[in-house]
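Undergrad: Contents of protein28.cif (mmCIF, C-alpha atoms and all ligand atoms):
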```cif
data_work
loop_
_atom_site.label_atom_id
_atom_site.label_comp_id
_atom_site.auth_asym_id
_atom_site.auth_seq_id
_atom_site.Cartn_x
_atom_site.Cartn_y
_atom_site.Cartn_z
CA MET C 1 84.45 298.67 4.80
CA LEU C 2 85.94 298.86 1.33
CA PRO C 3 83.35 300.11 -1.18
CA ILE C 4 84.06 297.16 -3.47
CA ILE C 5 83.46 294.72 -0.60
CA GLU C 6 80.22 296.45 0.26
CA ALA C 7 79.18 296.31 -3.39
CA LEU C 8 80.17 292.66 -3.72
CA LEU C 9 78.28 291.69 -0.55
CA VAL C 10 75.07 293.10 -2.01
CA LEU C 11 75.84 291.49 -5.34
CA GLN C 12 76.51 288.16 -3.64
CA ASP C 13 73.19 288.37 -1.86
CA ARG C 14 71.49 288.71 -5.26
CA ASP C 15 73.57 285.87 -6.68
CA ARG C 16 72.53 283.61 -3.83
CA ARG C 17 68.92 284.48 -4.42
CA LEU C 18 69.34 283.79 -8.13
CA ILE C 19 70.92 280.39 -7.41
CA ARG C 20 68.03 279.52 -5.08
CA LEU C 21 65.43 280.71 -7.57
CA LYS C 22 67.07 278.75 -10.38
CA ALA C 23 67.07 275.57 -8.28
CA GLU C 24 63.41 276.09 -7.39
CA LEU C 25 62.54 276.70 -11.03
CA GLU C 26 64.38 273.54 -12.09
CA ALA C 27 62.42 271.57 -9.51
CA VAL C 28 59.09 272.62 -11.06
CA ALA C 29 59.17 270.24 -14.06
CA PRO C 30 59.90 267.09 -11.97
CA GLN C 31 57.21 268.16 -9.49
CA ARG C 32 54.74 268.54 -12.35
CA GLN C 33 55.65 265.11 -13.70
CA LEU C 34 55.19 263.57 -10.27
CA LEU C 35 51.72 265.08 -9.91
CA GLN C 36 50.70 263.93 -13.39
CA LEU C 37 52.04 260.46 -12.71
CA LYS C 38 49.97 260.20 -9.53
CA ALA C 39 46.78 261.08 -11.43
CA ALA C 40 47.71 258.72 -14.29
CA LYS C 41 48.21 255.87 -11.82
CA THR C 42 44.76 256.17 -10.26
CA GLN C 43 43.24 256.54 -13.73
CA ALA C 44 45.06 253.37 -14.86
CA ALA C 45 43.82 251.51 -11.79
CA PHE C 46 40.28 252.57 -12.67
CA GLU C 47 40.69 251.48 -16.33
CA GLU C 48 42.03 248.14 -15.16
CA VAL C 49 39.10 247.34 -12.89
CA ARG C 50 36.66 248.59 -15.55
CA LYS C 51 38.26 246.32 -18.11
CA ARG C 52 37.77 243.40 -15.71
CA ASN C 53 34.14 244.35 -15.37
CA VAL C 54 33.64 244.50 -19.13
CA HIS C 55 35.34 241.14 -19.49
CA ILE C 56 33.04 239.50 -16.91
CA GLU C 57 29.99 240.96 -18.60
CA SER C 58 31.02 239.76 -22.07
CA GLU C 59 31.85 236.35 -20.64
CA ARG C 60 28.39 236.16 -19.08
CA LYS C 61 26.75 237.13 -22.40
CA ARG C 62 28.77 234.48 -24.18
CA LEU C 63 27.47 231.83 -21.74
CA GLU C 64 23.95 233.12 -22.22
CA LEU C 65 24.20 232.69 -25.97
CA GLU C 66 25.70 229.27 -25.54
CA VAL C 67 22.75 228.24 -23.40
CA VAL C 68 20.34 229.47 -26.10
CA THR C 69 22.21 227.42 -28.70
CA MET C 70 22.03 224.36 -26.48
CA GLN C 71 18.35 224.82 -25.88
CA GLN C 72 17.84 224.92 -29.63
CA ARG C 73 19.89 221.78 -29.96
CA ILE C 74 17.75 220.03 -27.36
CA ASN C 75 14.59 221.08 -29.22
CA LYS C 76 16.03 219.70 -32.44
CA LEU C 77 17.07 216.45 -30.72
CA ARG C 78 13.61 216.07 -29.26
CA THR C 79 12.01 216.47 -32.68
CA GLU C 80 14.39 213.96 -34.16
CA GLN C 81 13.82 211.62 -31.19
CA LEU C 82 10.09 211.66 -31.86
CA GLY C 83 10.69 210.73 -35.47
CA THR C 84 12.81 207.66 -34.79
CA ARG C 85 11.53 204.14 -34.62
CA SER C 86 14.68 202.50 -33.41
CA ASN C 87 14.83 201.96 -29.70
CA ASP C 88 18.60 202.28 -29.63
CA GLN C 89 18.49 205.50 -31.53
CA TYR C 90 15.80 206.80 -29.20
CA LYS C 91 18.08 206.05 -26.24
CA ALA C 92 21.01 207.66 -28.00
CA TYR C 93 18.96 210.86 -28.49
CA GLN C 94 17.87 210.71 -24.88
CA HIS C 95 21.48 210.45 -23.81
CA GLN C 96 22.47 213.47 -25.91
CA ILE C 97 19.58 215.48 -24.54
CA GLU C 98 20.52 214.68 -20.97
CA THR C 99 24.18 215.46 -21.56
CA THR C 100 23.24 218.82 -23.07
CA GLN C 101 20.90 219.57 -20.20
CA ALA C 102 23.68 218.84 -17.75
CA GLU C 103 25.90 221.18 -19.72
CA ILE C 104 23.24 223.90 -19.60
CA SER C 105 22.95 223.50 -15.86
CA ARG C 106 26.75 223.78 -15.55
CA LEU C 107 26.68 226.98 -17.64
CA ASP C 108 23.86 228.37 -15.52
CA ASP C 109 26.00 227.86 -12.42
CA GLN C 110 28.88 229.64 -14.13
CA GLN C 111 26.59 232.52 -15.03
CA ILE C 112 25.48 232.89 -11.43
CA GLU C 113 29.09 232.92 -10.32
CA LEU C 114 29.94 235.57 -12.91
CA MET C 115 26.98 237.69 -11.82
CA GLU C 116 28.24 237.60 -8.25
CA GLN C 117 31.70 238.56 -9.47
CA ALA C 118 30.22 241.36 -11.58
CA GLU C 119 28.46 242.73 -8.55
CA ALA C 120 31.68 242.84 -6.53
CA VAL C 121 33.73 244.26 -9.41
CA GLY C 122 30.96 246.77 -10.10
CA ARG C 123 31.46 248.11 -6.58
CA ASP C 124 35.23 248.22 -7.22
CA VAL C 125 34.64 250.14 -10.46
CA ALA C 126 32.51 252.72 -8.66
CA GLU C 127 35.11 253.08 -5.92
CA ALA C 128 38.03 253.32 -8.38
CA ALA C 129 36.12 255.90 -10.44
CA LYS C 130 35.59 257.97 -7.30
CA VAL C 131 39.26 257.73 -6.32
CA ALA C 132 40.44 258.60 -9.85
CA ALA C 133 38.10 261.58 -10.11
CA GLY C 134 39.15 262.81 -6.67
CA GLN C 135 42.83 262.44 -7.53
CA LYS C 136 42.36 264.21 -10.86
CA ALA C 137 40.64 267.15 -9.18
CA GLU C 138 43.37 267.29 -6.57
CA THR C 139 46.12 267.05 -9.20
CA ASP C 140 44.48 269.75 -11.35
CA ARG C 141 44.36 272.03 -8.34
CA GLN C 142 48.00 271.32 -7.50
CA LEU C 143 49.05 271.89 -11.12
CA VAL C 144 47.34 275.28 -11.12
CA ASP C 145 49.16 276.16 -7.88
CA LEU C 146 52.43 274.95 -9.33
CA ALA C 147 51.96 277.04 -12.48
CA ALA C 148 51.29 280.11 -10.34
CA ARG C 149 54.36 279.35 -8.27
CA GLU C 150 56.46 278.93 -11.40
CA ALA C 151 55.22 282.26 -12.77
CA ASN C 152 56.13 283.98 -9.49
CA LEU C 153 59.57 282.39 -9.46
CA ARG C 154 60.19 283.54 -13.04
CA LYS C 155 59.10 287.04 -12.17
CA ASP C 156 61.36 287.10 -9.11
CA HIS C 157 64.22 285.73 -11.16
CA GLU C 158 63.77 288.49 -13.74
CA LEU C 159 63.62 291.19 -11.06
CA VAL C 160 66.66 289.95 -9.19
CA SER C 161 68.57 289.48 -12.45
CA ALA C 162 67.88 293.09 -13.37
CA GLU C 163 68.95 294.23 -9.91
CA ARG C 164 72.09 292.15 -10.16
CA ALA C 165 72.93 293.60 -13.57
CA ALA C 166 72.50 297.15 -12.25
CA LEU C 167 74.73 296.40 -9.24
CA ALA C 168 77.37 294.76 -11.42
CA ALA C 169 77.39 297.78 -13.75
CA LYS C 170 78.22 300.05 -10.82
CA ALA C 171 80.87 297.81 -9.21
CA ASP C 172 84.60 298.21 -9.71
CA PRO C 173 85.38 296.02 -12.77
CA ALA C 174 88.59 294.49 -11.40
CA GLY C 175 86.98 293.48 -8.11
CA LEU C 176 83.89 292.23 -9.92
CA TRP C 177 86.03 290.16 -12.26
CA ARG C 178 87.81 288.47 -9.32
CA TYR C 179 84.53 287.85 -7.54
CA GLU C 180 82.86 286.33 -10.60
CA ARG C 181 85.84 284.13 -11.40
CA ILE C 182 85.80 282.65 -7.87
CA LEU C 183 82.02 282.25 -7.97
CA LYS C 184 82.32 280.30 -11.21
CA MET C 185 85.04 278.06 -9.79
CA LYS C 186 83.55 277.46 -6.36
CA GLY C 187 79.91 277.47 -7.35
CA ASP C 188 78.95 279.04 -4.04
CA ASN C 189 80.16 281.87 -1.81
CA ALA C 190 82.94 283.89 -3.37
CA LEU C 191 83.13 286.53 -0.66
CA VAL C 192 83.32 285.17 2.88
CA GLY C 193 83.70 286.53 6.39
CA VAL C 194 86.60 285.86 8.72
CA HIS C 195 85.70 284.41 12.13
CA ARG C 196 88.36 283.69 14.74
CA VAL C 197 91.07 284.02 12.08
CA VAL C 198 89.40 281.26 10.06
CA CYS C 199 88.20 281.58 6.44
CA GLY C 200 84.39 281.42 6.31
CA GLY C 201 84.61 279.50 3.01
CA CYS C 202 87.07 276.64 3.59
CA HIS C 203 87.28 276.94 7.41
CA VAL C 204 91.06 276.82 7.35
CA LYS C 205 93.01 279.09 9.70
CA LEU C 206 94.48 282.07 7.88
CA PRO C 207 98.15 283.04 8.08
CA MET C 208 98.44 286.05 10.43
CA GLN C 209 99.63 288.29 7.63
CA THR C 210 96.61 287.45 5.48
CA PHE C 211 94.31 287.98 8.43
CA LEU C 212 95.76 291.38 9.22
CA HIS C 213 95.57 292.29 5.57
CA ALA C 214 91.88 291.39 5.45
CA LYS C 215 91.26 293.23 8.70
CA ALA C 216 93.00 296.38 7.45
CA GLN C 217 90.70 296.42 4.40
CA LEU C 218 92.96 298.47 2.23
CA GLU C 219 92.42 296.22 -0.76
CA LEU C 220 90.74 292.92 -1.64
CA THR C 221 92.37 289.99 0.16
CA ALA C 222 91.98 286.35 -0.78
CA CYS C 223 92.19 283.25 1.41
CA THR C 224 95.57 281.60 0.82
CA ASN C 225 93.93 278.17 0.97
CA CYS C 226 90.74 278.41 -1.14
CA GLY C 227 91.19 281.72 -2.95
CA ARG C 228 87.86 283.18 -1.80
CA LEU C 229 87.76 286.90 -1.11
CA LEU C 230 87.70 287.81 2.57
CA TYR C 231 85.87 290.52 4.45
CA PHE C 232 86.04 291.50 8.07
CA THR C 233 83.67 293.52 10.23
CA PRO C 234 84.38 294.79 13.74
CA ASP C 235 81.67 292.56 15.23
CA MET C 236 83.51 289.46 14.06
CA ASP C 237 85.53 287.54 16.63
CA VAL C 238 89.27 287.87 16.35
ZN ZN C 301 89.38 279.76 2.43
#
```
Before anything else, please render the file you have as structure tokens.
TA:
Amino acid sequence: MLPIIEALLVLQDRDRRLIRLKAELEAVAPQRQLLQLKAAKTQAAFEEVRKRNVHIESERKRLELEVVTMQQRINKLRTEQLGTRSNDQYKAYQHQIETTQAEISRLDDQQIELMEQAEAVGRDVAEAAKVAAGQKAETDRQLVDLAAREANLRKDHELVSAERAALAAKADPAGLWRYERILKMKGDNALVGVHRVVCGGCHVKLPMQTFLHAKAQLELTACTNCGRLLYFTPDMDV
């Protein structure tokens, strides 16, 4: 095998690893966002149900105060009722007292209903708090793992980059230049094998002359269709 092909094959292996590592590194930020979003969602669900609970409780307190006010009104009406001499006025007071009592009884019913609701929502709050705490713990753990993974990927990327630079420094500049130009254009394999007289890059059958040229390995040969550099090893099918 031509020394430049051998060198480029090793180099290409490092380039492929670098491409993979870069893609994995780029996937870290979206993964992190997804994890944070999941925790934020369960936290929001908890806040929502807690807010409902607070609302029920304040509503109940409002009714309670209203009942107190009405009781005071009844007491006042009773005092005034005792002071009147007019029969009509007495009846009018009585009517107001009864109306207010009915209103109090209506509010009492509402309070009972709210207390039942509060009990159910209270259970929901406890459950949502448990779910949110569990999700947060899980997310925190996953974020720590992800950070460790990211650090490893960065370290690998640095190592492979250094290896790649050392290999590139030793490679024949003309061959390296051709390889890198194709890599830039194609974005993937620049140096491909030949199987059954077909280019391993574009899978188009090679002209016989090109094939024989690649097989002879006297100099770098490019696919006439896609321009990728070709290599041939004896174990490949002719
Ligand atoms: Zn090709």
Undergrad: In terms of the shortest atom-to-atom distance over only C-alpha atoms and all ligand atoms, which of C:Leu220, C:Val198, C:Ala137, C:His213 is closest to ligand ZN 301 (chain C)?
TA: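 Closest to ligand ZN 301 (chain C), using only C-alpha atoms and all ligand atoms: C:Val198.
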Undergrad: Report as an mmCIF file with C-alpha atoms, in the coordinates of the input all protein, DNA and RNA residues lying within 12 Å of Gly200 (chain C), evaluated on all atoms listed in the file, omitting residues in the same chain fewer than 5 positions from it.
TA:
```
data_model
loop_
_atom_site.group_PDB
_atom_site.id
_atom_site.type_symbol
_atom_site.label_atom_id
_atom_site.label_comp_id
_atom_site.auth_asym_id
_atom_site.auth_seq_id
_atom_site.Cartn_x
_atom_site.Cartn_y
_atom_site.Cartn_z
ATOM 1 C CA ASP C 188 78.950 279.040 -4.040
ATOM 2 C CA ASN C 189 80.160 281.870 -1.810
ATOM 3 C CA ALA C 190 82.940 283.890 -3.370
ATOM 4 C CA LEU C 191 83.130 286.530 -0.660
ATOM 5 C CA VAL C 192 83.320 285.170 2.880
ATOM 6 C CA GLY C 193 83.700 286.530 6.390
ATOM 7 C CA VAL C 194 86.600 285.860 8.720
ATOM 8 C CA HIS C 195 85.700 284.410 12.130
ATOM 9 C CA LYS C 205 93.010 279.090 9.700
ATOM 10 C CA LEU C 206 94.480 282.070 7.880
ATOM 11 C CA ALA C 222 91.980 286.350 -0.780
ATOM 12 C CA CYS C 223 92.190 283.250 1.410
ATOM 13 C CA ASN C 225 93.930 278.170 0.970
ATOM 14 C CA CYS C 226 90.740 278.410 -1.140
ATOM 15 C CA GLY C 227 91.190 281.720 -2.950
ATOM 16 C CA ARG C 228 87.860 283.180 -1.800
ATOM 17 C CA LEU C 229 87.760 286.900 -1.110
ATOM 18 C CA LEU C 230 87.700 287.810 2.570
ATOM 19 C CA TYR C 231 85.870 290.520 4.450
ATOM 20 C CA PHE C 232 86.040 291.500 8.070
ATOM 21 C CA MET C 236 83.510 289.460 14.060
#
```
Undergrad: CA of Ala102 (chain C) to CA of Leu63 (chain C): how many Å, to one decimal?
TA: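 Between CA of Ala102 (chain C) and CA of Leu63 (chain C) the gap works out to 14.1 Å.
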Undergrad: Do you know which residues are at most 6 Å from Arg50 (chain C) counting all atoms listed in the file, after dropping those on the same chain fewer than 3 positions away, and could you put them as a list of chain:residue names?
TA: C:Glu47, C:Asn53, C:Val125
Undergrad: Give me the residues near Val49 (chain C) as a PyMOL selection string, where near means some atom within 9 Å (using only C-alpha atoms) and where sequence neighbours in that chain fewer than 6 positions away do not count.
TA: chain C and resi 121-122+124-125+128
Undergrad: One decimal, Å: what's the distance from CA of Ile4 (chain C) over to CA of Ala214 (chain C), could you say?
TA: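 That distance, rounded to one decimal, is 13.2 Å.
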Undergrad: Complete the atoms of region 146-163 of chain C to N, CA, C and O atoms and put them out as a PDB file, keeping the file's coordinate frame.
TA:
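Writing the result to rebuild.pdb gives the following:
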```pdb
ATOM      1  N   LEU C 146      51.031 275.066  -8.893  1.00  0.00           N
ATOM      2  CA  LEU C 146      52.430 274.950  -9.330  1.00  0.00           C
ATOM      3  C   LEU C 146      52.725 275.942 -10.456  1.00  0.00           C
ATOM      4  O   LEU C 146      53.791 276.569 -10.481  1.00  0.00           O
ATOM      5  N   ALA C 147      51.779 276.091 -11.369  1.00  0.00           N
ATOM      6  CA  ALA C 147      51.960 277.040 -12.480  1.00  0.00           C
ATOM      7  C   ALA C 147      52.065 278.465 -11.945  1.00  0.00           C
ATOM      8  O   ALA C 147      52.889 279.256 -12.420  1.00  0.00           O
ATOM      9  N   ALA C 148      51.244 278.772 -10.940  1.00  0.00           N
ATOM     10  CA  ALA C 148      51.290 280.110 -10.340  1.00  0.00           C
ATOM     11  C   ALA C 148      52.631 280.331  -9.657  1.00  0.00           C
ATOM     12  O   ALA C 148      53.245 281.394  -9.760  1.00  0.00           O
ATOM     13  N   ARG C 149      53.077 279.280  -8.963  1.00  0.00           N
ATOM     14  CA  ARG C 149      54.360 279.350  -8.270  1.00  0.00           C
ATOM     15  C   ARG C 149      55.502 279.552  -9.276  1.00  0.00           C
ATOM     16  O   ARG C 149      56.397 280.365  -9.078  1.00  0.00           O
ATOM     17  N   GLU C 150      55.428 278.811 -10.363  1.00  0.00           N
ATOM     18  CA  GLU C 150      56.460 278.930 -11.400  1.00  0.00           C
ATOM     19  C   GLU C 150      56.482 280.354 -11.974  1.00  0.00           C
ATOM     20  O   GLU C 150      57.554 280.934 -12.165  1.00  0.00           O
ATOM     21  N   ALA C 151      55.306 280.900 -12.221  1.00  0.00           N
ATOM     22  CA  ALA C 151      55.220 282.260 -12.770  1.00  0.00           C
ATOM     23  C   ALA C 151      55.841 283.264 -11.797  1.00  0.00           C
ATOM     24  O   ALA C 151      56.583 284.166 -12.206  1.00  0.00           O
ATOM     25  N   ASN C 152      55.551 283.086 -10.506  1.00  0.00           N
ATOM     26  CA  ASN C 152      56.130 283.980  -9.490  1.00  0.00           C
ATOM     27  C   ASN C 152      57.646 283.859  -9.442  1.00  0.00           C
ATOM     28  O   ASN C 152      58.352 284.862  -9.335  1.00  0.00           O
ATOM     29  N   LEU C 153      58.115 282.623  -9.502  1.00  0.00           N
ATOM     30  CA  LEU C 153      59.570 282.390  -9.460  1.00  0.00           C
ATOM     31  C   LEU C 153      60.249 283.054 -10.658  1.00  0.00           C
ATOM     32  O   LEU C 153      61.298 283.669 -10.526  1.00  0.00           O
ATOM     33  N   ARG C 154      59.613 282.923 -11.828  1.00  0.00           N
ATOM     34  CA  ARG C 154      60.190 283.540 -13.040  1.00  0.00           C
ATOM     35  C   ARG C 154      60.238 285.047 -12.911  1.00  0.00           C
ATOM     36  O   ARG C 154      61.210 285.696 -13.304  1.00  0.00           O
ATOM     37  N   LYS C 155      59.161 285.589 -12.350  1.00  0.00           N
ATOM     38  CA  LYS C 155      59.100 287.040 -12.170  1.00  0.00           C
ATOM     39  C   LYS C 155      60.195 287.498 -11.205  1.00  0.00           C
ATOM     40  O   LYS C 155      60.925 288.456 -11.483  1.00  0.00           O
ATOM     41  N   ASP C 156      60.320 286.785 -10.089  1.00  0.00           N
ATOM     42  CA  ASP C 156      61.360 287.100  -9.110  1.00  0.00           C
ATOM     43  C   ASP C 156      62.752 286.999  -9.750  1.00  0.00           C
ATOM     44  O   ASP C 156      63.605 287.845  -9.525  1.00  0.00           O
ATOM     45  N   HIS C 157      62.920 285.939 -10.532  1.00  0.00           N
ATOM     46  CA  HIS C 157      64.220 285.730 -11.160  1.00  0.00           C
ATOM     47  C   HIS C 157      64.567 286.895 -12.093  1.00  0.00           C
ATOM     48  O   HIS C 157      65.694 287.379 -12.108  1.00  0.00           O
ATOM     49  N   GLU C 158      63.574 287.349 -12.827  1.00  0.00           N
ATOM     50  CA  GLU C 158      63.770 288.490 -13.740  1.00  0.00           C
ATOM     51  C   GLU C 158      64.142 289.745 -12.956  1.00  0.00           C
ATOM     52  O   GLU C 158      65.087 290.459 -13.311  1.00  0.00           O
ATOM     53  N   LEU C 159      63.380 289.995 -11.879  1.00  0.00           N
ATOM     54  CA  LEU C 159      63.620 291.190 -11.060  1.00  0.00           C
ATOM     55  C   LEU C 159      65.021 291.177 -10.462  1.00  0.00           C
ATOM     56  O   LEU C 159      65.760 292.164 -10.548  1.00  0.00           O
ATOM     57  N   VAL C 160      65.364 290.043  -9.853  1.00  0.00           N
ATOM     58  CA  VAL C 160      66.660 289.950  -9.190  1.00  0.00           C
ATOM     59  C   VAL C 160      67.793 290.007 -10.224  1.00  0.00           C
ATOM     60  O   VAL C 160      68.837 290.611  -9.972  1.00  0.00           O
ATOM     61  N   SER C 161      67.566 289.418 -11.386  1.00  0.00           N
ATOM     62  CA  SER C 161      68.570 289.480 -12.450  1.00  0.00           C
ATOM     63  C   SER C 161      68.825 290.920 -12.861  1.00  0.00           C
ATOM     64  O   SER C 161      69.982 291.329 -13.065  1.00  0.00           O
ATOM     65  N   ALA C 162      67.751 291.687 -12.986  1.00  0.00           N
ATOM     66  CA  ALA C 162      67.880 293.090 -13.370  1.00  0.00           C
ATOM     67  C   ALA C 162      68.630 293.873 -12.290  1.00  0.00           C
ATOM     68  O   ALA C 162      69.517 294.681 -12.590  1.00  0.00           O
ATOM     69  N   GLU C 163      68.269 293.583 -11.034  1.00  0.00           N
ATOM     70  CA  GLU C 163      68.950 294.230  -9.910  1.00  0.00           C
ATOM     71  C   GLU C 163      70.436 293.897  -9.925  1.00  0.00           C
ATOM     72  O   GLU C 163      71.288 294.765  -9.744  1.00  0.00           O
TER      73      GLU C 163
END
```
